[in-house]
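Structure data follow from protein_7.pdb (PDB, C-alpha atoms):
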MODEL        1
ATOM      1  CA  MET A 970      34.182  -6.647   0.231  1.00  0.00           C
ATOM      2  CA  GLN A 971      30.823  -5.225   1.216  1.00  0.00           C
ATOM      3  CA  THR A 972      27.598  -7.222   1.024  1.00  0.00           C
ATOM      4  CA  ASN A 973      24.095  -6.612   2.274  1.00  0.00           C
ATOM      5  CA  GLN A 974      21.582  -9.393   2.804  1.00  0.00           C
ATOM      6  CA  LEU A 975      18.153  -8.530   1.392  1.00  0.00           C
ATOM      7  CA  ASP A 976      16.360 -11.781   2.106  1.00  0.00           C
ATOM      8  CA  ALA A 977      17.103 -15.356   3.107  1.00  0.00           C
ATOM      9  CA  HIS A 978      18.466 -16.128  -0.355  1.00  0.00           C
ATOM     10  CA  THR A 979      19.961 -12.880  -1.652  1.00  0.00           C
ATOM     11  CA  PHE A 980      22.999 -10.728  -0.944  1.00  0.00           C
ATOM     12  CA  VAL A 981      23.816  -7.611  -2.983  1.00  0.00           C
ATOM     13  CA  GLY A 982      26.838  -5.389  -3.134  1.00  0.00           C
ATOM     14  CA  PRO A 983      29.284  -3.399  -5.189  1.00  0.00           C
ATOM     15  CA  GLN A 984      31.908  -4.760  -7.579  1.00  0.00           C
ATOM     16  CA  ILE A 985      33.792  -7.750  -6.225  1.00  0.00           C
ATOM     17  CA  SER A 986      37.385  -8.687  -6.894  1.00  0.00           C
ATOM     18  CA  ILE A 987      38.948 -12.041  -7.620  1.00  0.00           C
ATOM     19  CA  ALA A 988      40.530 -11.903  -4.168  1.00  0.00           C
ATOM     20  CA  ASP A 989      37.022 -11.689  -2.609  1.00  0.00           C
ATOM     21  CA  MET A 990      35.984 -15.109  -3.893  1.00  0.00           C
ATOM     22  CA  ALA A 991      37.143 -17.046  -0.816  1.00  0.00           C
ATOM     23  CA  LYS A 992      35.127 -14.679   1.432  1.00  0.00           C
ATOM     24  CA  ILE A 993      32.121 -15.052  -0.846  1.00  0.00           C
ATOM     25  CA  ALA A 994      32.388 -18.833  -0.624  1.00  0.00           C
ATOM     26  CA  LYS A 995      32.605 -18.589   3.206  1.00  0.00           C
ATOM     27  CA  LEU A 996      29.277 -16.679   3.155  1.00  0.00           C
ATOM     28  CA  GLY A 997      27.847 -19.816   1.576  1.00  0.00           C
ATOM     29  CA  VAL A 998      27.093 -18.109  -1.745  1.00  0.00           C
ATOM     30  CA  ARG A 999      26.353 -20.685  -4.443  1.00  0.00           C
ATOM     31  CA  THR A1000      25.430 -18.352  -7.337  1.00  0.00           C
ATOM     32  CA  ILE A1001      26.734 -14.952  -8.438  1.00  0.00           C
ATOM     33  CA  VAL A1002      24.798 -12.588 -10.695  1.00  0.00           C
ATOM     34  CA  ILE A1003      26.891  -9.910 -12.388  1.00  0.00           C
ATOM     35  CA  ALA A1004      24.537  -7.003 -13.143  1.00  0.00           C
ATOM     36  CA  ARG A1005      26.881  -4.902 -15.243  1.00  0.00           C
ATOM     37  CA  PRO A1006      28.276  -4.970 -18.762  1.00  0.00           C
ATOM     38  CA  GLU A1007      31.755  -6.256 -19.501  1.00  0.00           C
ATOM     39  CA  GLY A1008      34.311  -3.427 -19.529  1.00  0.00           C
ATOM     40  CA  GLU A1009      31.934  -0.836 -18.097  1.00  0.00           C
ATOM     41  CA  GLU A1010      34.749   0.625 -16.028  1.00  0.00           C
ATOM     42  CA  HIS A1011      38.522   0.519 -16.378  1.00  0.00           C
ATOM     43  CA  GLY A1012      40.029  -2.103 -14.076  1.00  0.00           C
ATOM     44  CA  GLN A1013      36.800  -4.051 -13.629  1.00  0.00           C
ATOM     45  CA  PRO A1014      37.491  -7.814 -13.468  1.00  0.00           C
ATOM     46  CA  THR A1015      36.394  -9.620 -16.612  1.00  0.00           C
ATOM     47  CA  VAL A1016      33.453 -11.960 -16.489  1.00  0.00           C
ATOM     48  CA  SER A1017      35.737 -14.831 -17.506  1.00  0.00           C
ATOM     49  CA  ASN A1018      38.089 -14.087 -14.587  1.00  0.00           C
ATOM     50  CA  ILE A1019      35.154 -13.942 -12.148  1.00  0.00           C
ATOM     51  CA  CYS A1020      33.850 -17.222 -13.602  1.00  0.00           C
ATOM     52  CA  ALA A1021      37.212 -18.938 -13.203  1.00  0.00           C
ATOM     53  CA  ALA A1022      37.609 -17.776  -9.606  1.00  0.00           C
ATOM     54  CA  ALA A1023      34.020 -18.744  -8.759  1.00  0.00           C
ATOM     55  CA  ASP A1024      34.365 -22.130 -10.427  1.00  0.00           C
ATOM     56  CA  ALA A1025      37.294 -22.925  -8.150  1.00  0.00           C
ATOM     57  CA  HIS A1026      34.837 -22.586  -5.239  1.00  0.00           C
ATOM     58  CA  GLY A1027      31.923 -24.376  -6.908  1.00  0.00           C
ATOM     59  CA  ILE A1028      29.960 -21.152  -7.427  1.00  0.00           C
ATOM     60  CA  ASN A1029      27.759 -20.607 -10.508  1.00  0.00           C
ATOM     61  CA  VAL A1030      27.995 -17.253 -12.333  1.00  0.00           C
ATOM     62  CA  HIS A1031      25.458 -15.490 -14.554  1.00  0.00           C
ATOM     63  CA  GLN A1032      25.776 -12.095 -16.209  1.00  0.00           C
ATOM     64  CA  ILE A1033      22.858  -9.761 -16.811  1.00  0.00           C
ATOM     65  CA  PRO A1034      24.557  -6.748 -18.418  1.00  0.00           C
ATOM     66  CA  VAL A1035      22.201  -3.931 -17.407  1.00  0.00           C
ATOM     67  CA  THR A1036      23.030  -0.267 -17.774  1.00  0.00           C
ATOM     68  CA  PRO A1037      22.136   2.276 -15.080  1.00  0.00           C
ATOM     69  CA  GLY A1038      18.574   3.538 -15.376  1.00  0.00           C
ATOM     70  CA  ASN A1039      17.680   1.030 -18.095  1.00  0.00           C
ATOM     71  CA  ILE A1040      16.566  -2.191 -16.437  1.00  0.00           C
ATOM     72  CA  THR A1041      14.079  -3.935 -18.698  1.00  0.00           C
ATOM     73  CA  ALA A1042      11.414  -6.541 -18.033  1.00  0.00           C
ATOM     74  CA  GLU A1043      13.693  -8.992 -19.848  1.00  0.00           C
ATOM     75  CA  ASP A1044      16.511  -8.188 -17.395  1.00  0.00           C
ATOM     76  CA  VAL A1045      14.184  -8.915 -14.469  1.00  0.00           C
ATOM     77  CA  GLN A1046      13.091 -12.164 -16.104  1.00  0.00           C
ATOM     78  CA  ALA A1047      16.760 -13.140 -16.586  1.00  0.00           C
ATOM     79  CA  PHE A1048      17.353 -12.357 -12.890  1.00  0.00           C
ATOM     80  CA  ASP A1049      14.376 -14.561 -11.952  1.00  0.00           C
ATOM     81  CA  VAL A1050      15.806 -17.436 -13.992  1.00  0.00           C
ATOM     82  CA  ALA A1051      19.350 -16.996 -12.641  1.00  0.00           C
ATOM     83  CA  THR A1052      18.186 -16.809  -9.033  1.00  0.00           C
ATOM     84  CA  GLY A1053      15.382 -19.330  -9.284  1.00  0.00           C
ATOM     85  CA  ASP A1054      17.091 -22.107 -11.208  1.00  0.00           C
ATOM     86  CA  ASN A1055      20.405 -22.062  -9.343  1.00  0.00           C
ATOM     87  CA  PRO A1056      21.508 -22.873  -5.808  1.00  0.00           C
ATOM     88  CA  HIS A1057      21.109 -20.284  -3.057  1.00  0.00           C
ATOM     89  CA  PRO A1058      22.224 -18.048  -1.574  1.00  0.00           C
ATOM     90  CA  VAL A1059      22.863 -15.632  -4.435  1.00  0.00           C
ATOM     91  CA  LEU A1060      25.202 -12.643  -4.509  1.00  0.00           C
ATOM     92  CA  ALA A1061      24.156 -10.063  -7.103  1.00  0.00           C
ATOM     93  CA  TYR A1062      26.525  -7.185  -7.734  1.00  0.00           C
ATOM     94  CA  CYS A1063      27.157  -4.220 -10.006  1.00  0.00           C
ATOM     95  CA  ARG A1064      29.347  -1.122  -9.669  1.00  0.00           C
ATOM     96  CA  SER A1065      27.619   0.132  -6.510  1.00  0.00           C
ATOM     97  CA  GLY A1066      24.989  -2.507  -5.785  1.00  0.00           C
ATOM     98  CA  ALA A1067      22.075  -0.293  -6.867  1.00  0.00           C
ATOM     99  CA  ARG A1068      21.290  -2.132 -10.121  1.00  0.00           C
ATOM    100  CA  ALA A1069      21.562  -5.489  -8.363  1.00  0.00           C
ATOM    101  CA  THR A1070      19.167  -4.254  -5.669  1.00  0.00           C
ATOM    102  CA  THR A1071      16.780  -2.901  -8.302  1.00  0.00           C
ATOM    103  CA  LEU A1072      16.727  -6.268 -10.080  1.00  0.00           C
ATOM    104  CA  TRP A1073      15.972  -7.977  -6.766  1.00  0.00           C
ATOM    105  CA  ALA A1074      13.249  -5.438  -5.948  1.00  0.00           C
ATOM    106  CA  LEU A1075      11.472  -5.754  -9.295  1.00  0.00           C
ATOM    107  CA  SER A1076      11.668  -9.530  -9.063  1.00  0.00           C
ATOM    108  CA  ALA A1077      10.307  -9.525  -5.504  1.00  0.00           C
ATOM    109  CA  ALA A1078       7.434  -7.212  -6.501  1.00  0.00           C
ATOM    110  CA  SER A1079       6.505  -9.455  -9.411  1.00  0.00           C
ATOM    111  CA  ARG A1080       6.283 -12.358  -6.945  1.00  0.00           C
ATOM    112  CA  GLY A1081       3.849 -10.387  -4.782  1.00  0.00           C
ATOM    113  CA  GLN A1082       6.106  -9.045  -2.057  1.00  0.00           C
ATOM    114  CA  SER A1083       4.864  -5.811  -0.492  1.00  0.00           C
ATOM    115  CA  VAL A1084       6.259  -2.685  -2.148  1.00  0.00           C
ATOM    116  CA  GLU A1085       6.663  -1.081   1.282  1.00  0.00           C
ATOM    117  CA  VAL A1086       8.665  -4.043   2.565  1.00  0.00           C
ATOM    118  CA  ILE A1087      10.849  -4.034  -0.558  1.00  0.00           C
ATOM    119  CA  ILE A1088      11.617  -0.313  -0.228  1.00  0.00           C
ATOM    120  CA  ASP A1089      12.265  -0.651   3.516  1.00  0.00           C
ATOM    121  CA  THR A1090      14.545  -3.669   3.044  1.00  0.00           C
ATOM    122  CA  ALA A1091      16.541  -1.926   0.317  1.00  0.00           C
ATOM    123  CA  GLY A1092      16.790   1.224   2.438  1.00  0.00           C
ATOM    124  CA  LYS A1093      18.175  -0.718   5.393  1.00  0.00           C
ATOM    125  CA  ALA A1094      20.818  -2.100   3.027  1.00  0.00           C
ATOM    126  CA  GLY A1095      21.733   1.445   1.944  1.00  0.00           C
ATOM    127  CA  TYR A1096      19.803   1.615  -1.338  1.00  0.00           C
ATOM    128  CA  ASP A1097      17.042   4.220  -1.668  1.00  0.00           C
ATOM    129  CA  LEU A1098      14.437   2.790  -4.028  1.00  0.00           C
ATOM    130  CA  ARG A1099      11.599   5.185  -3.209  1.00  0.00           C
ATOM    131  CA  ALA A1100      11.706   6.623  -6.752  1.00  0.00           C
ATOM    132  CA  LEU A1101      11.156   3.081  -8.054  1.00  0.00           C
ATOM    133  CA  ALA A1102       7.862   2.706  -6.130  1.00  0.00           C
ATOM    134  CA  PRO A1103       5.540   3.329  -9.130  1.00  0.00           C
ATOM    135  CA  ARG A1104       7.320   0.677 -11.179  1.00  0.00           C
ATOM    136  CA  LEU A1105       7.287  -1.736  -8.247  1.00  0.00           C
ATOM    137  CA  VAL A1106       3.526  -1.247  -7.923  1.00  0.00           C
ATOM    138  CA  THR A1107       3.131  -1.923 -11.655  1.00  0.00           C
ATOM    139  CA  SER A1108       5.332  -5.025 -11.383  1.00  0.00           C
ATOM    140  CA  ALA A1109       3.204  -6.292  -8.522  1.00  0.00           C
ATOM    141  CA  ALA A1110      -0.041  -5.897 -10.494  1.00  0.00           C
TER     142      ALA A1110
ENDMDL
END
What do you get writing this file as structure tokens?
Amino acid sequence: MQTNQLDAHTFVGPQISIADMAKIAKLGVRTIVIARPEGEEHGQPTVSNICAAADAHGINVHQIPVTPGNITAEDVQAFDVATGDNPHPVLAYCRSGARATTLWALSAASRGQSVEVIIDTAGKAGYDLRALAPRLVTSAA
């Protein structure tokens, strides 16, 4: 299992497995955000299986089924609700971690975080969001 910490409250990463749940709990994660649709890829754990495994560790789960390259303002608002109204830290994941990082970045920009800091933080975690800069600036306005 690979995770990258973006801020004090948020980890992101690629698809997790049911077997990863104990490691996720040891990280102290209290909420998981699944940023991919059900059945997007063959062999992907179902949301219900992730929920059952997370529940056994007292971890909340929320799904925001975004598709690559199509993250809407409503998706970002759903991310804000899922990460704001639930215990921290949060682990957001998708197939590669890029959509989860993009949700975090757009949310952070809308809360006034510096676009440069967002892009730098994402880059250090292995996610190049430079092409997202114009949208981040718009989100920050």
Test item: residues at most 9 Å from segment 1052-1058 of chain A, all atoms listed in the file, excluding those fewer than 6 positions along its chain, as a list in words: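 Selected residues are Ala977, His978, Thr979, Phe980, Leu996, Gly997, Val998, Arg999, Thr1000, Ile1001, Val1002, Ile1028 and Asn1029 of chain A.
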Contacts of segment 1041-1062 of chain A with segment 1098-1108 of chain A up to 12 Å, shortest pair per row, only C-alpha atoms, as a Markdown table:
| residue | atom | partner | partner_atom | distance |
| --- | --- | --- | --- | --- |
| A:Thr1041 | CA | A:Arg1104 | CA | 11.1 |
| A:Ala1042 | CA | A:Ser1108 | CA | 9.1 |
| A:Val1045 | CA | A:Ser1108 | CA | 10.1 |
| A:Gln1046 | CA | A:Ser1108 | CA | 11.6 |
Find the spatial neighbours of Gln971 of chain A, counting all atoms listed in the file, within a cut-off of 12 Å - ignore same-chain residues fewer than 6 positions away - and output them as a list of chain:residue names. A:Phe980, A:Val981, A:Gly982, A:Pro983, A:Gln984, A:Ile985, A:Ser986, A:Asp989, A:Lys992, A:Ile993, A:Leu996, A:Leu1060, A:Ala1061, A:Tyr1062, A:Cys1063, A:Arg1064, A:Ser1065, A:Gly1066, A:Ala1094, A:Gly1095
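Proximity of A:Ile987, A:Arg1068, A:His1031, A:Glu1043 to Gln1013 of chain A, computed with all atoms listed in the file, is greatest for A:Ile987.
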The PyMOL selection byres ((chain A and resi 1087) around 12) resolved against shown file, as a short mmCIF file (atom, residue, chain, number, x, y, z; two decimals) with C-alpha atoms, in the frame of the given file:
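File expr30.cif, as written:
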data_model
loop_
_atom_site.label_atom_id
_atom_site.label_comp_id
_atom_site.auth_asym_id
_atom_site.auth_seq_id
_atom_site.Cartn_x
_atom_site.Cartn_y
_atom_site.Cartn_z
CA LEU A 975 18.15 -8.53 1.39
CA ASP A 976 16.36 -11.78 2.11
CA THR A 1070 19.17 -4.25 -5.67
CA THR A 1071 16.78 -2.90 -8.30
CA LEU A 1072 16.73 -6.27 -10.08
CA TRP A 1073 15.97 -7.98 -6.77
CA ALA A 1074 13.25 -5.44 -5.95
CA LEU A 1075 11.47 -5.75 -9.30
CA SER A 1076 11.67 -9.53 -9.06
CA ALA A 1077 10.31 -9.52 -5.50
CA ALA A 1078 7.43 -7.21 -6.50
CA SER A 1079 6.50 -9.46 -9.41
CA ARG A 1080 6.28 -12.36 -6.94
CA GLY A 1081 3.85 -10.39 -4.78
CA GLN A 1082 6.11 -9.04 -2.06
CA SER A 1083 4.86 -5.81 -0.49
CA VAL A 1084 6.26 -2.68 -2.15
CA GLU A 1085 6.66 -1.08 1.28
CA VAL A 1086 8.66 -4.04 2.56
CA ILE A 1088 11.62 -0.31 -0.23
CA ASP A 1089 12.26 -0.65 3.52
CA THR A 1090 14.54 -3.67 3.04
CA ALA A 1091 16.54 -1.93 0.32
CA GLY A 1092 16.79 1.22 2.44
CA LYS A 1093 18.18 -0.72 5.39
CA ALA A 1094 20.82 -2.10 3.03
CA TYR A 1096 19.80 1.62 -1.34
CA ASP A 1097 17.04 4.22 -1.67
CA LEU A 1098 14.44 2.79 -4.03
CA ARG A 1099 11.60 5.18 -3.21
CA LEU A 1101 11.16 3.08 -8.05
CA ALA A 1102 7.86 2.71 -6.13
CA LEU A 1105 7.29 -1.74 -8.25
CA VAL A 1106 3.53 -1.25 -7.92
CA ALA A 1109 3.20 -6.29 -8.52
#
Surrounding residues of Ala1022 of chain A excluding itself and chain neighbours under 4 positions, 9 Å, all atoms listed in the file, as a compact mmCIF listing (two decimals) with C-alpha atoms, in the frame of the given file:
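Written output follows (result.txt):
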# COMPACT_ATOMS: atom_id res chain seq x y z
CA ILE A 987 38.95 -12.04 -7.62
CA ALA A 988 40.53 -11.90 -4.17
CA MET A 990 35.98 -15.11 -3.89
CA ALA A 991 37.14 -17.05 -0.82
CA SER A 1017 35.74 -14.83 -17.51
CA ASN A 1018 38.09 -14.09 -14.59
CA HIS A 1026 34.84 -22.59 -5.24
CA ILE A 1028 29.96 -21.15 -7.43
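With distances restricted to only C-alpha atoms, A:Pro1037 is the closest residue to Pro1006 of chain A from A:Pro1037, A:Asp1049, A:Ala1025, A:Ala994.
If you look at atom CA of Glu1007 of chain A and atom CA of Ile1040 of chain A, they are 16.0 Å away from each other.
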For atom CA of Val1059 of chain A and atom CA of Gln974 of chain A, determine how far apart the two atoms are, in Å to one decimal place.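 Between these atoms lies a distance of 9.6 Å.
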Could you jot down the atom CA of Pro1034 of chain A to atom CA of Ile1003 of chain A separation for me, Å, one decimal place?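 Atom CA of Pro1034 of chain A sits 7.2 Å away from atom CA of Ile1003 of chain A.
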Between A:Ala1004, A:Lys995, A:Thr1015, A:Glu1009, single out the one closest to Gln1032 of chain A, counting all atoms listed in the file.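 Result for the nearest residue to Gln1032 of chain A: A:Ala1004.
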